$ cat protein-v3.cif   # mmCIF, C-alpha atoms
data_query
#
loop_
_atom_site.label_atom_id
_atom_site.label_comp_id
_atom_site.auth_asym_id
_atom_site.auth_seq_id
_atom_site.Cartn_x
_atom_site.Cartn_y
_atom_site.Cartn_z
CA ALA L 1 126.69 120.00 24.86
CA GLN L 2 124.51 123.04 24.57
CA SER L 3 122.29 123.88 21.63
CA VAL L 4 119.72 126.45 20.58
CA THR L 5 116.75 126.07 18.27
CA GLN L 6 114.97 129.08 16.88
CA LEU L 7 111.58 128.20 15.48
CA GLY L 8 110.96 130.01 12.23
CA SER L 9 113.75 131.36 10.06
CA HIS L 10 111.44 134.14 8.89
CA VAL L 11 108.73 135.96 10.81
CA SER L 12 106.58 138.69 9.34
CA VAL L 13 104.29 140.97 11.36
CA SER L 14 102.40 144.17 10.73
CA GLU L 15 103.54 147.43 12.22
CA GLY L 16 101.94 147.77 15.66
CA ALA L 17 101.39 144.05 16.06
CA LEU L 18 102.91 141.76 18.67
CA VAL L 19 106.35 140.37 17.93
CA LEU L 20 107.08 136.84 19.16
CA LEU L 21 110.34 135.12 18.29
CA ARG L 22 110.77 131.64 19.66
CA CYS L 23 113.88 130.13 21.17
CA ASN L 24 114.36 126.77 22.85
CA TYR L 25 117.64 125.63 24.33
CA SER L 26 119.30 122.49 25.53
CA SER L 27 121.75 122.64 28.40
CA SER L 28 122.87 120.25 31.11
CA VAL L 29 123.45 123.11 33.55
CA PRO L 30 121.50 126.29 34.32
CA PRO L 31 122.40 128.40 31.33
CA TYR L 32 123.00 132.01 30.59
CA LEU L 33 120.72 133.10 27.74
CA PHE L 34 121.00 135.99 25.30
CA TRP L 35 119.18 137.65 22.45
CA TYR L 36 121.20 139.56 19.89
CA VAL L 37 119.99 141.69 16.98
CA GLN L 38 121.81 142.21 13.68
CA TYR L 39 120.90 145.05 11.36
CA PRO L 40 122.06 144.90 7.73
CA ASN L 41 125.82 145.20 7.33
CA GLN L 42 126.30 145.46 11.07
CA GLY L 43 127.69 143.29 13.84
CA LEU L 44 125.56 141.66 16.49
CA GLN L 45 124.21 143.87 19.26
CA LEU L 46 122.98 142.60 22.61
CA LEU L 47 119.26 143.05 23.15
CA LEU L 48 118.97 141.41 26.54
CA LYS L 49 120.36 138.64 28.70
CA TYR L 50 119.32 136.29 31.45
CA THR L 51 121.86 135.11 34.00
CA THR L 52 120.17 134.61 37.34
CA GLY L 53 117.28 136.12 39.29
CA ALA L 54 114.12 137.48 37.73
CA THR L 55 113.00 135.32 34.85
CA LEU L 56 111.38 138.17 32.92
CA VAL L 57 114.14 140.23 31.40
CA LYS L 58 113.71 143.60 29.77
CA GLY L 59 116.04 144.81 27.07
CA ILE L 60 116.56 147.67 24.71
CA ASN L 61 114.05 148.96 22.17
CA GLY L 62 111.06 147.66 24.14
CA PHE L 63 111.93 143.98 23.86
CA GLU L 64 111.64 141.50 26.67
CA ALA L 65 112.11 137.76 27.14
CA GLU L 66 111.05 135.25 29.74
CA PHE L 67 113.18 132.34 30.90
CA LYS L 68 110.99 129.28 31.41
CA LYS L 69 113.04 126.42 32.78
CA SER L 70 110.20 123.90 32.59
CA GLU L 71 109.80 124.61 28.88
CA THR L 72 113.51 125.19 28.19
CA SER L 73 112.46 128.34 26.40
CA PHE L 74 113.53 131.95 26.17
CA HIS L 75 111.10 133.57 23.75
CA LEU L 76 111.52 137.21 22.73
CA THR L 77 108.53 139.53 22.61
CA LYS L 78 107.63 143.12 21.90
CA PRO L 79 104.06 144.37 22.31
CA SER L 80 104.04 146.67 19.28
CA ALA L 81 106.32 146.27 16.28
CA HIS L 82 108.01 149.24 14.70
CA MET L 83 109.44 149.44 11.21
CA SER L 84 112.90 149.89 12.70
CA ASP L 85 112.65 146.42 14.32
CA ALA L 86 113.25 144.78 10.95
CA ALA L 87 116.47 142.83 11.41
CA GLU L 88 117.83 139.37 12.13
CA TYR L 89 117.58 138.10 15.68
CA PHE L 90 119.79 135.48 17.27
CA CYS L 91 119.23 133.54 20.46
CA ALA L 92 122.33 132.23 22.22
CA VAL L 93 123.21 130.10 25.23
CA SER L 94 126.36 129.78 27.26
CA ASP L 95 127.51 127.60 30.12
CA PRO L 96 128.41 129.91 33.01
CA LEU L 97 130.46 127.22 34.66
CA GLY L 98 132.37 126.09 31.62
CA ALA L 99 133.98 127.69 28.65
CA GLN L 100 131.34 130.42 28.49
CA LYS L 101 131.49 130.46 24.72
CA LEU L 102 128.22 131.40 23.08
CA VAL L 103 126.28 128.85 21.07
CA PHE L 104 123.95 130.60 18.62
CA GLY L 105 120.73 129.59 16.99
CA GLN L 106 120.32 129.90 13.25
CA GLY L 107 118.62 133.25 13.50
CA THR L 108 115.16 134.59 12.69
CA ARG L 109 114.70 137.30 10.12
CA LEU L 110 111.94 139.68 11.23
CA THR L 111 110.06 141.63 8.57
CA ILE L 112 107.67 144.43 9.47
CA ASN L 113 104.82 145.17 7.09
CA PRO L 114 103.45 148.72 6.92
CA ASP T 1 133.45 150.42 27.63
CA ALA T 2 134.22 147.22 25.87
CA GLY T 3 134.46 147.36 22.08
CA VAL T 4 136.05 145.80 19.07
CA ILE T 5 137.57 147.34 15.95
CA GLN T 6 137.91 145.11 12.92
CA SER T 7 139.83 145.86 9.76
CA PRO T 8 139.40 145.96 6.92
CA ARG T 9 135.61 146.30 6.68
CA HIS T 10 135.63 144.90 3.17
CA GLU T 11 138.20 142.77 1.41
CA VAL T 12 138.16 141.52 -2.16
CA THR T 13 140.93 139.18 -3.17
CA GLU T 14 141.76 136.67 -5.84
CA MET T 15 141.73 132.96 -5.22
CA GLY T 16 145.07 131.74 -3.96
CA GLN T 17 146.04 134.98 -2.26
CA GLU T 18 146.75 135.31 1.44
CA VAL T 19 144.21 137.25 3.45
CA THR T 20 144.71 138.65 6.94
CA LEU T 21 141.82 139.93 9.01
CA ARG T 22 142.51 142.05 12.05
CA CYS T 23 140.79 142.56 15.38
CA LYS T 24 141.60 145.12 18.04
CA PRO T 25 139.75 144.71 21.33
CA ILE T 26 139.48 147.98 23.17
CA SER T 27 139.13 146.75 26.74
CA GLY T 28 137.19 144.71 29.26
CA HIS T 29 137.66 141.14 28.18
CA ASN T 30 139.54 137.96 28.79
CA SER T 31 138.13 135.96 25.89
CA LEU T 32 138.22 136.64 22.17
CA PHE T 33 136.24 134.81 19.52
CA TRP T 34 136.35 134.61 15.72
CA TYR T 35 133.06 133.81 13.97
CA ARG T 36 132.16 133.32 10.33
CA GLN T 37 128.71 134.12 8.99
CA THR T 38 127.27 132.83 5.73
CA MET T 39 123.76 132.46 4.41
CA MET T 40 124.10 128.71 4.21
CA ARG T 41 125.71 127.96 7.56
CA GLY T 42 124.74 130.91 9.74
CA LEU T 43 127.13 131.93 12.53
CA GLU T 44 129.97 129.51 13.06
CA LEU T 45 132.53 129.75 15.85
CA LEU T 46 135.97 129.29 14.32
CA ILE T 47 138.27 129.68 17.31
CA TYR T 48 138.41 131.31 20.69
CA PHE T 49 141.15 132.54 22.96
CA ASN T 50 141.16 132.92 26.72
CA ASN T 51 143.80 135.22 28.17
CA ASN T 52 145.49 135.23 24.73
CA VAL T 53 145.78 131.42 24.63
CA PRO T 54 143.87 129.44 21.97
CA ILE T 55 141.40 127.21 23.80
CA ASP T 56 139.30 125.64 21.06
CA ASP T 57 140.06 125.76 17.35
CA SER T 58 137.81 122.87 16.38
CA GLY T 59 135.74 125.22 14.25
CA MET T 60 138.62 126.20 12.00
CA PRO T 61 137.61 124.66 8.70
CA GLU T 62 141.01 123.67 7.33
CA ASP T 63 144.72 124.10 7.75
CA ARG T 64 144.47 127.06 5.43
CA PHE T 65 143.03 128.97 8.36
CA SER T 66 145.17 130.15 11.26
CA ALA T 67 144.65 132.64 14.09
CA LYS T 68 146.96 134.37 16.50
CA MET T 69 146.61 136.59 19.52
CA PRO T 70 150.07 137.92 20.37
CA ASN T 71 148.70 140.22 23.07
CA ALA T 72 145.43 141.27 24.69
CA SER T 73 144.94 144.11 22.22
CA PHE T 74 145.35 142.37 18.90
CA SER T 75 144.34 139.24 17.03
CA THR T 76 144.58 138.10 13.43
CA LEU T 77 142.81 135.51 11.34
CA LYS T 78 144.76 134.42 8.27
CA ILE T 79 143.64 132.42 5.29
CA GLN T 80 146.34 131.09 3.01
CA PRO T 81 145.61 130.30 0.25
CA SER T 82 142.13 131.76 -0.01
CA GLU T 83 139.32 130.07 -1.96
CA PRO T 84 135.95 131.35 -3.22
CA ARG T 85 134.11 129.26 -0.62
CA ASP T 86 135.82 131.33 2.08
CA SER T 87 133.69 134.31 1.08
CA ALA T 88 131.74 135.32 4.18
CA VAL T 89 131.50 137.93 6.89
CA TYR T 90 134.03 137.34 9.64
CA PHE T 91 133.30 138.69 13.11
CA CYS T 92 135.55 139.17 16.08
CA ALA T 93 133.93 139.28 19.51
CA ILE T 94 135.20 139.79 23.03
CA GLN T 95 133.80 138.67 26.33
CA GLY T 96 134.61 139.20 29.97
CA THR T 97 134.01 136.70 32.73
CA TYR T 98 130.30 136.08 33.19
CA THR T 99 129.36 138.82 30.74
CA GLU T 100 127.92 139.03 27.29
CA ALA T 101 129.99 139.09 24.12
CA PHE T 102 130.61 142.34 22.22
CA PHE T 103 130.94 142.07 18.48
CA GLY T 104 132.89 144.07 15.97
CA GLN T 105 131.31 145.34 12.75
CA GLY T 106 132.75 142.46 10.78
CA THR T 107 134.91 142.05 7.70
CA ARG T 108 133.13 141.13 4.50
CA LEU T 109 135.49 138.90 2.53
CA THR T 110 134.96 138.17 -1.14
CA VAL T 111 137.29 135.74 -2.86
CA VAL T 112 136.99 135.79 -6.66
#
$ encode --input "protein-v3.cif" --output "structure tokens"
Amino acid sequence: AQSVTQLGSHVSVSEGALVLLRCNYSSSVPPYLFWYVQYPNQGLQLLLKYTTGATLVKGINGFEAEFKKSETSFHLTKPSAHMSDAAEYFCAVSDPLGAQKLVFGQGTRLTINP
Amino acid sequence: DAGVIQSPRHEVTEMGQEVTLRCKPISGHNSLFWYRQTMMRGLELLIYFNNNVPIDDSGMPEDRFSAKMPNASFSTLKIQPSEPRDSAVYFCAIQGTYTEAFFGQGTRLTVV
């Protein structure tokens, strides 16, 4: 069975500071990995995804994530936080060979301080 | 482009009433998922369909919940009878083979 752990249910950073949201996964097969963002009263929107190939993946809004198989991690980063980045972020894993359903972490709420 | 339209966006109903949530995938999928989101439990997968066939409904909390997908362009999630603890945001999402899932805007259900 696959699972995702997001370390830190709340993260707070200052505007302009580095954003780091942590995600570790468990999977018996090479996984597909995703980061989604949810703004208030909205659905989930894909930020970026890793399937195969380059382990450093760039997404929308300046975010990127690196797949590290040895650490079973897929942490999300952004060099300089903007006020508009305040939202909830979800890491998800799927089994590309199986049912492909997404298994989500519990989410991390990102707050940006002026 | 793939997309999902959910209706209604907000629903307020009295305990004991039947509630039907609707999902209309626009295109580009072969799987459809229903999720429930609450503060306490986060995002929970209720059921998913592949090519209109229910594959896994182990997340459906009780027999009061049922879901149908009569064709590739429409799915419903029904709660009968509804209870206050069913209050949540319900999301429909679609996914193609080896692609990411696309979510609708959700239906916020309040059962009083």
$ closest_residue --input "protein-v3.cif" --among "L:Lys78, L:Arg109, L:Lys49, L:Lys58" --to "chain T" --atoms "all atoms listed in the file"
L:Lys49
$ interface_residues --input "protein-v3.cif" --of "chain T" --to "chain L" --cutoff "12 Å" --atoms "only C-alpha atoms" --output "VMD selection string"
chain T and resid 3 to 6 9 to 10 30 to 50 55 to 56 88 to 108
$ resolve_selection --input "protein-v3.cif" --expression "the PyMOL selection byres ((chain T and resi 19) around 8)" --output "list in words"
Thr13, Gln17, Glu18, Thr20, Leu21, Lys78, Ile79, Gln80, Pro81 and Ser82 of chain T
$ axis_aligned_box --input "protein-v3.cif" --around "range 43-51 of chain L" --padding-each-side "6 Å" --output "AutoDock Vina command-line options"
--center_x 123.3 --center_y 139.5 --center_z 23.9 --size_x 20.7 --size_y 20.8 --size_z 32.2
$ resolve_selection --input "protein-v3.cif" --expression "the PyMOL selection byres ((chain L and resi 64) around 8)" --output "PyMOL selection string"
chain L and resi 48+56-59+62-63+65-66+76-78
$ atom_distance --input "protein-v3.cif" --atom1 "CA of Asp86 in chain T" --atom2 "CA of Pro61 in chain T"
9.6 Å
$ atom_distance --input "protein-v3.cif" --atom1 "CA of Ser84 in chain L" --atom2 "CA of Ile112 in chain L"
8.2 Å
$ resolve_selection --input "protein-v3.cif" --expression "the PyMOL selection byres ((chain L and resi 11) around 7)" --output "VMD selection string"
chain L and resid 8 to 10 12 to 13 108 to 111
$ atom_distance --input "protein-v3.cif" --atom1 "CA of Ser73 in chain L" --atom2 "CA of Cys23 in chain L"
5.7 Å
$ closest_residue --input "protein-v3.cif" --among "L:Gln2, L:Ala92, L:Ala81, L:Leu47" --to "Leu20 in chain L" --atoms "only C-alpha atoms"
L:Ala81
$ residues_near_point --input "protein-v3.cif" --point "(106.8, 129.1, 24.6)" --cutoff "9 Å" --atoms "only C-alpha atoms" --output "number ranges by chain"
L: 22-24, 68, 71-75
$ closest_residue --input "protein-v3.cif" --among "L:Tyr39, L:Glu15, L:Tyr25, L:Asp85" --to "Lys69 in chain L" --atoms "only C-alpha atoms"
L:Tyr25
$ closest_residue --input "protein-v3.cif" --among "T:Val53, T:Met15, T:Ala72, T:Ala67" --to "Ser27 in chain T" --atoms "all atoms listed in the file"
T:Ala72
